[in-house]
2 protein chains.
Amino acid sequence: VPTPRALAPVEEQLRVLKSGVAELHPRDGLDERLAAAVAEGRPLRVKLGIDPSSSHLTLGHAVVLRKLAQFQRFGHTVVLIIGDFTALVGDPSGRSQTRRQQTESEVAGHARTYLEQVAKVLDVDAAEMRRNAEWLAPMTFADVARLAAHVTVAKLLERDDFRTRYGAGQPISLVEFLYPLMQGMDSVAVRSDVELGGTDQTFNLHVGRDLQRAHGQPGQVVLTMPLLRGIDGVQKMSKSLDNGIYLDEPPEAQYGKLMRIPDELLGEYLRLCTDLDPAEADRLADKAAAGGAGARDVKRRLAREVVALYHGPEAADVAEAAFDTGVRLRAGGGDAGAPAPPLAIPEAAVRDGRVWVVALLAEAGLVGSRGEARRLVAQGAVRLDGRPVDSIERSWPPAELDGRLLTVGRRSPVRLRAPGSRPAS
Amino acid sequence: VPTPRALAPVEEQLRVLKSGVAELHPRDGLDERLAAAVAEGRPLRVKLGIDPSSSHLTLGHAVVLRKLAQFQRFGHTVVLIIGDFTALVGDPSGRSQTRRQQTESEVAGHARTYLEQVAKVLDVDAAEMRRNAEWLAPMTFADVARLAAHVTVAKLLERDDFRTRYGAGQPISLVEFLYPLMQGMDSVAVRSDVELGGTDQTFNLHVGRDLQRAHGQPGQVVLTMPLLRGIDGVQKMSKSLDNGIYLDEPPEAQYGKLMRIPDELLGEYLRLCTDLDPAEADRLADKAAAGGAGARDVKRRLAREVVALYHGPEAADVAEAAFDTGVRLRAGGGDAGAPAPPLAIPEAAVRDGRVWVVALLAEAGLVGSRGEARRLVAQGAVRLDGRPVDSIERSWPPAELDGRLLTVGRRSPVRLRAPGSRPAS
């Protein structure tokens, strides 16, 4: 995680923070807040509500988290609201069905897993972390009623998902109408200057702004990010649609999925999923738009950039090599009609007892002789999970090698399997 | 208030309790509950929610209260819920606009005035009186959410007034959607067997039934009474429409208004506003339907019955006499086209110093001589506000007479005015 650049000029901050944004309300709100923050020498309070009902984060979730990280790198205060109270009730945002309520222990477990993944993008330790049960749990029926008096039924039914479901005759539980109030009350409690979310959160973010004003606070700036489309190129990336790329997936899986996205998504992915400077992302997107080999090169660049963000540059190397092998296998395969899985990596069994690197290379059939093995290790051409093996004396217990990827230069990698281990499906 | 007839047979109870009812749900629910109550030797718990936001009760309010009194006379337990919590939030039922919230002291004051009027119909002391803040005030946001999960938005929007307002683009505050939950929770808290209300309460009563079932209780029987039309014969009797007859209005005002209702309302008023046996009410309604002098006689009977219920039979006599005078004045008036107010009663000034009944009658011009005055008082023909003056020795301070109605036999009454008092407009 990069270090803060607290004193960056407002112009520079705006150039970065506004890139890729879907909606900013009011239009000049961020400019004004930033100018005021700089003048007062105080950081902005930038809120993100986290729904711990889903704990498997995709690149789609990361779009908003990366925007938040930009605020953080400029020295602003990120306020993460764990919706522990909200999740006990059920969060219907952008969903087509009433969500079941979760137990307290489910919520706690999900929040833990969620934050581990958030830490891949944000400096979680530097963020202000709040649980909204802190202020929502003590609220009484009368407090809720006073809050509810600020919102009309018609306005709630204008929210896209509610309108769609109401129109389709699908049930909307009244409890779902209370959820935007809870989320809005969070903004009042933490006095946020800006709230971030996907465009499916626009309505809820505006409720927060309204409730802050009803409580005598300045209304927060609403900043929404586009919803990333999944690898099918059609629908929003989502666990339930099985079109997602997950932050905690292995490098090769991420790489392979990214290479499979339709070309027309390249611009959107470059701008929303990488740390590339906005100008560079635009240049690459233009290049991809021309199609052909250029588009393919851009896609490889995208895949490397994304994998490097979540697993480091070496893992990106390995993933690229694994992908190339898969592609080569498919291109050279006997049955051209059969869609060979591009991520199928040959496995090599590791023998029992301590395993010496030179013996391993020979037995895996990756070298012609033990002498070649010694030479290649000495040259730094032998890598385990993308990291060079630093000495020809290296050895490991078999369990430590299980599942790891062994590569020699640009040759096809092999997946190592310890004795008695269950091969991956 | 008549004494309970706890052991009346179920058939007799049903004949009375079902008379005039608009809806009974489930259809056999009351039969079953009554049979069970008789078998178990326990009274039914019959709930009425009272909205203390309006403290001026009309004959329309009394329709439901009279039905409740019937249950009470059969020995059942009337449970009156003072909606003190509800009123702090605002009760939108059957209203065309969002109602303002009331302060606690407004609510308390209204409830007091309300119960004084309820006491004209019910034995308030025998009723179980509960304030719903008792169980609603301690409820938390999470409790509210759990409750809200039992109701859908679509179902709420089916409620007549909500549908109308939503369709007309009039705002419905979300807090109004919480109101049926509060009222329903009342049924859970008091474990009601039956809940009464006007037909505009049907939806809320069903929510109570649903919530009881969701809480593992038998669902209450929903018993609704028709909404009484006002003296305009068109719209529901309501304070805001100025078409109401009030329980605390003077006898002559009630009498005069009742004589002005359109003939087609006679059946409905006979059945819903009097204590006449259902069979007798039907007979009179048939007679009225023939029109002419018969309808007029029935209307006089109705007016007498109603005034007698709220002010006693003597006051009904006075009111009838006052009305006849007004009518006679109008019939004999020089300008037949001018609508003389039928309730205009001639006033008689009372002189200063203690006032002796015999002198009063003479000075008011109601008798030809002091001898005639003595004789009429001795015969019991002289009444003050409908109550016979019991002795020819009676005298009063002038202030005590101010505004009271003095009648002699069937002659026109006069309104007494003390020196310095402001005549009624």
# chains A, B, ... in the order shown; residues from 1 in each chain; ligands from 1
>>> residues_around(residues="Ala145 of chain A", least_positions_apart="2", cutoff="10 Å", atoms="only C-alpha atoms", output="PyMOL selection string")
(chain A and resi 140-143+147-150) or (chain B and resi 86+88-90+141+144+173-179)
>>> write_last_selection(atoms="C-alpha atoms", output="compact mmCIF listing (two decimals), in the first residue's frame")
# COMPACT_ATOMS: atom_id res chain seq x y z
CA THR A 140 -36.12 2.95 19.63
CA PHE A 141 -39.31 2.55 17.65
CA ALA A 142 -39.95 6.29 18.12
CA ASP A 143 -36.47 7.12 16.78
CA LEU A 147 -36.31 8.92 10.78
CA ALA A 148 -38.94 7.33 8.55
CA ALA A 149 -40.84 10.61 8.46
CA HIS A 150 -38.08 12.01 6.22
CA THR B 86 -49.14 5.93 17.84
CA LEU B 88 -46.81 10.73 18.88
CA VAL B 89 -46.00 9.44 15.42
CA GLY B 90 -49.19 10.37 13.56
CA PHE B 141 -34.90 -0.83 15.70
CA VAL B 144 -39.23 -3.05 14.39
CA SER B 173 -44.38 9.22 4.45
CA LEU B 174 -42.67 5.95 5.27
CA VAL B 175 -43.66 6.48 8.88
CA GLU B 176 -47.27 5.92 7.84
CA PHE B 177 -46.36 2.41 6.72
CA LEU B 178 -45.18 1.72 10.25
CA TYR B 179 -48.51 2.63 11.78
>>> select_by_dssp(residues="segment 37-161 of chain A", states="strand (DSSP E)", output="ChimeraX atom specification")
/A:45-50,77-82,128-131
>>> residues_around(residues="Arg42 of chain A", least_positions_apart="2", cutoff="12 Å", atoms="only C-alpha atoms", output="list in words")
Ala6, Leu7, Arg33, Leu34, Ala35, Ala36, Ala37, Val38, Ala39, Glu40, Leu44, Arg45, Phe74, Gly75, His76, Thr77 and Asp193 of chain A
>>> write_last_selection(atoms="N, CA, C and O atoms", output="PDB file, in the first residue's frame")
ATOM      1  N   ALA A   6      -0.322  13.598   1.437  1.00  0.00           N
ATOM      2  CA  ALA A   6      -1.346  14.431   2.073  1.00  0.00           C
ATOM      3  C   ALA A   6      -1.461  15.815   1.445  1.00  0.00           C
ATOM      4  O   ALA A   6      -2.519  16.412   1.441  1.00  0.00           O
ATOM      5  N   LEU A   7      -0.359  16.303   0.908  1.00  0.00           N
ATOM      6  CA  LEU A   7      -0.380  17.702   0.529  1.00  0.00           C
ATOM      7  C   LEU A   7      -0.514  17.904  -0.985  1.00  0.00           C
ATOM      8  O   LEU A   7      -0.203  18.980  -1.502  1.00  0.00           O
ATOM      9  N   ARG A  33     -15.459  20.566  -1.270  1.00  0.00           N
ATOM     10  CA  ARG A  33     -15.029  19.911  -0.032  1.00  0.00           C
ATOM     11  C   ARG A  33     -13.509  19.823   0.044  1.00  0.00           C
ATOM     12  O   ARG A  33     -12.919  20.005   1.106  1.00  0.00           O
ATOM     13  N   LEU A  34     -12.884  19.504  -1.091  1.00  0.00           N
ATOM     14  CA  LEU A  34     -11.424  19.382  -1.102  1.00  0.00           C
ATOM     15  C   LEU A  34     -10.778  20.728  -0.815  1.00  0.00           C
ATOM     16  O   LEU A  34      -9.828  20.820  -0.021  1.00  0.00           O
ATOM     17  N   ALA A  35     -11.293  21.764  -1.445  1.00  0.00           N
ATOM     18  CA  ALA A  35     -10.733  23.108  -1.224  1.00  0.00           C
ATOM     19  C   ALA A  35     -10.849  23.472   0.256  1.00  0.00           C
ATOM     20  O   ALA A  35      -9.898  23.973   0.872  1.00  0.00           O
ATOM     21  N   ALA A  36     -12.020  23.165   0.836  1.00  0.00           N
ATOM     22  CA  ALA A  36     -12.234  23.486   2.249  1.00  0.00           C
ATOM     23  C   ALA A  36     -11.288  22.667   3.120  1.00  0.00           C
ATOM     24  O   ALA A  36     -10.695  23.185   4.078  1.00  0.00           O
ATOM     25  N   ALA A  37     -11.123  21.379   2.784  1.00  0.00           N
ATOM     26  CA  ALA A  37     -10.262  20.507   3.585  1.00  0.00           C
ATOM     27  C   ALA A  37      -8.825  21.002   3.551  1.00  0.00           C
ATOM     28  O   ALA A  37      -8.153  21.055   4.588  1.00  0.00           O
ATOM     29  N   VAL A  38      -8.371  21.391   2.364  1.00  0.00           N
ATOM     30  CA  VAL A  38      -7.005  21.901   2.243  1.00  0.00           C
ATOM     31  C   VAL A  38      -6.869  23.196   3.040  1.00  0.00           C
ATOM     32  O   VAL A  38      -5.905  23.390   3.789  1.00  0.00           O
ATOM     33  N   ALA A  39      -7.865  24.077   2.888  1.00  0.00           N
ATOM     34  CA  ALA A  39      -7.813  25.360   3.591  1.00  0.00           C
ATOM     35  C   ALA A  39      -7.801  25.166   5.104  1.00  0.00           C
ATOM     36  O   ALA A  39      -7.098  25.871   5.833  1.00  0.00           O
ATOM     37  N   GLU A  40      -8.588  24.195   5.572  1.00  0.00           N
ATOM     38  CA  GLU A  40      -8.680  23.962   7.022  1.00  0.00           C
ATOM     39  C   GLU A  40      -7.595  23.017   7.523  1.00  0.00           C
ATOM     40  O   GLU A  40      -7.495  22.767   8.724  1.00  0.00           O
ATOM     41  N   LEU A  44     -10.562  14.828   4.500  1.00  0.00           N
ATOM     42  CA  LEU A  44     -11.981  14.517   4.316  1.00  0.00           C
ATOM     43  C   LEU A  44     -12.302  13.186   4.980  1.00  0.00           C
ATOM     44  O   LEU A  44     -11.438  12.315   5.097  1.00  0.00           O
ATOM     45  N   ARG A  45     -13.561  13.035   5.402  1.00  0.00           N
ATOM     46  CA  ARG A  45     -14.027  11.749   5.936  1.00  0.00           C
ATOM     47  C   ARG A  45     -14.797  11.064   4.815  1.00  0.00           C
ATOM     48  O   ARG A  45     -15.866  11.519   4.410  1.00  0.00           O
ATOM     49  N   PHE A  74      -4.164  10.153  -0.799  1.00  0.00           N
ATOM     50  CA  PHE A  74      -4.078  11.618  -0.735  1.00  0.00           C
ATOM     51  C   PHE A  74      -4.191  12.128   0.708  1.00  0.00           C
ATOM     52  O   PHE A  74      -4.305  13.329   0.944  1.00  0.00           O
ATOM     53  N   GLY A  75      -4.222  11.200   1.653  1.00  0.00           N
ATOM     54  CA  GLY A  75      -4.191  11.600   3.058  1.00  0.00           C
ATOM     55  C   GLY A  75      -5.549  11.756   3.707  1.00  0.00           C
ATOM     56  O   GLY A  75      -5.651  12.215   4.852  1.00  0.00           O
ATOM     57  N   HIS A  76      -6.623  11.390   3.011  1.00  0.00           N
ATOM     58  CA  HIS A  76      -7.953  11.524   3.605  1.00  0.00           C
ATOM     59  C   HIS A  76      -8.284  10.323   4.495  1.00  0.00           C
ATOM     60  O   HIS A  76      -7.633   9.283   4.411  1.00  0.00           O
ATOM     61  N   THR A  77      -9.285  10.502   5.341  1.00  0.00           N
ATOM     62  CA  THR A  77      -9.654   9.451   6.290  1.00  0.00           C
ATOM     63  C   THR A  77     -10.737   8.551   5.701  1.00  0.00           C
ATOM     64  O   THR A  77     -11.828   9.025   5.376  1.00  0.00           O
ATOM     65  N   ASP A 193     -18.017  13.258   4.814  1.00  0.00           N
ATOM     66  CA  ASP A 193     -17.984  14.334   3.814  1.00  0.00           C
ATOM     67  C   ASP A 193     -18.361  13.796   2.444  1.00  0.00           C
ATOM     68  O   ASP A 193     -18.923  14.505   1.616  1.00  0.00           O
TER      69      ASP A 193
END
>>> closest_residue(among="B:Ala69, B:Leu270, B:Ala279, B:Leu48", to="Gly83 of chain B", atoms="only C-alpha atoms")
B:Leu48
>>> atom_distance(atom1="atom CA of Leu284 of chain B", atom2="atom CA of Glu268 of chain B")
11.0 Å
>>> residues_around(residues="Ser395 of chain B", least_positions_apart="3", cutoff="6 Å", atoms="only C-alpha atoms", output="ChimeraX atom specification")
/B:355-357
>>> residues_around(residues="Ala378 of chain A", least_positions_apart="3", cutoff="10 Å", atoms="only C-alpha atoms", output="number ranges by chain")
A: 372-375, 381-382, 388-392
>>> atom_distance(atom1="atom CA of Val377 of chain A", atom2="atom CA of Ala322 of chain A")
19.4 Å
>>> residues_around(residues="Lys155 of chain B", least_positions_apart="2", cutoff="12 Å", atoms="only C-alpha atoms", output="NGL selection string")
(:A and (166 or 169-174)) or (:B and (150-153 or 157-160 or 162-163 or 177 or 180 or 203-204 or 206-207))
>>> residues_around(residues="segment 402-411 of chain A", least_positions_apart="6", cutoff="6 Å", atoms="only C-alpha atoms", output="number ranges by chain")
A: 381-385, 417-418
>>> write_last_selection(atoms="N, CA and C atoms", output="PDB file, in the first residue's frame")
ATOM      1  N   ALA A 381      16.788 -19.328 -13.452  1.00  0.00           N
ATOM      2  CA  ALA A 381      15.698 -19.592 -14.400  1.00  0.00           C
ATOM      3  C   ALA A 381      14.647 -20.531 -13.834  1.00  0.00           C
ATOM      4  N   VAL A 382      14.915 -21.060 -12.637  1.00  0.00           N
ATOM      5  CA  VAL A 382      13.948 -21.990 -12.045  1.00  0.00           C
ATOM      6  C   VAL A 382      13.126 -21.245 -10.968  1.00  0.00           C
ATOM      7  N   ARG A 383      11.836 -21.303 -11.090  1.00  0.00           N
ATOM      8  CA  ARG A 383      10.979 -20.547 -10.164  1.00  0.00           C
ATOM      9  C   ARG A 383       9.927 -21.454  -9.521  1.00  0.00           C
ATOM     10  N   LEU A 384       9.650 -21.166  -8.277  1.00  0.00           N
ATOM     11  CA  LEU A 384       8.589 -21.851  -7.560  1.00  0.00           C
ATOM     12  C   LEU A 384       7.539 -20.795  -7.240  1.00  0.00           C
ATOM     13  N   ASP A 385       6.342 -20.968  -7.761  1.00  0.00           N
ATOM     14  CA  ASP A 385       5.286 -19.943  -7.634  1.00  0.00           C
ATOM     15  C   ASP A 385       5.817 -18.564  -8.034  1.00  0.00           C
ATOM     16  N   ARG A 417       2.586 -32.202  -6.843  1.00  0.00           N
ATOM     17  CA  ARG A 417       1.642 -32.896  -5.955  1.00  0.00           C
ATOM     18  C   ARG A 417       2.407 -33.759  -4.981  1.00  0.00           C
ATOM     19  N   ALA A 418       2.196 -33.553  -3.698  1.00  0.00           N
ATOM     20  CA  ALA A 418       2.838 -34.370  -2.669  1.00  0.00           C
ATOM     21  C   ALA A 418       2.151 -35.728  -2.606  1.00  0.00           C
TER      22      ALA A 418
END
>>> closest_residue(among="B:Asp84, B:Asp200, B:Glu12, B:Glu305", to="chain A", atoms="only C-alpha atoms")
B:Asp84
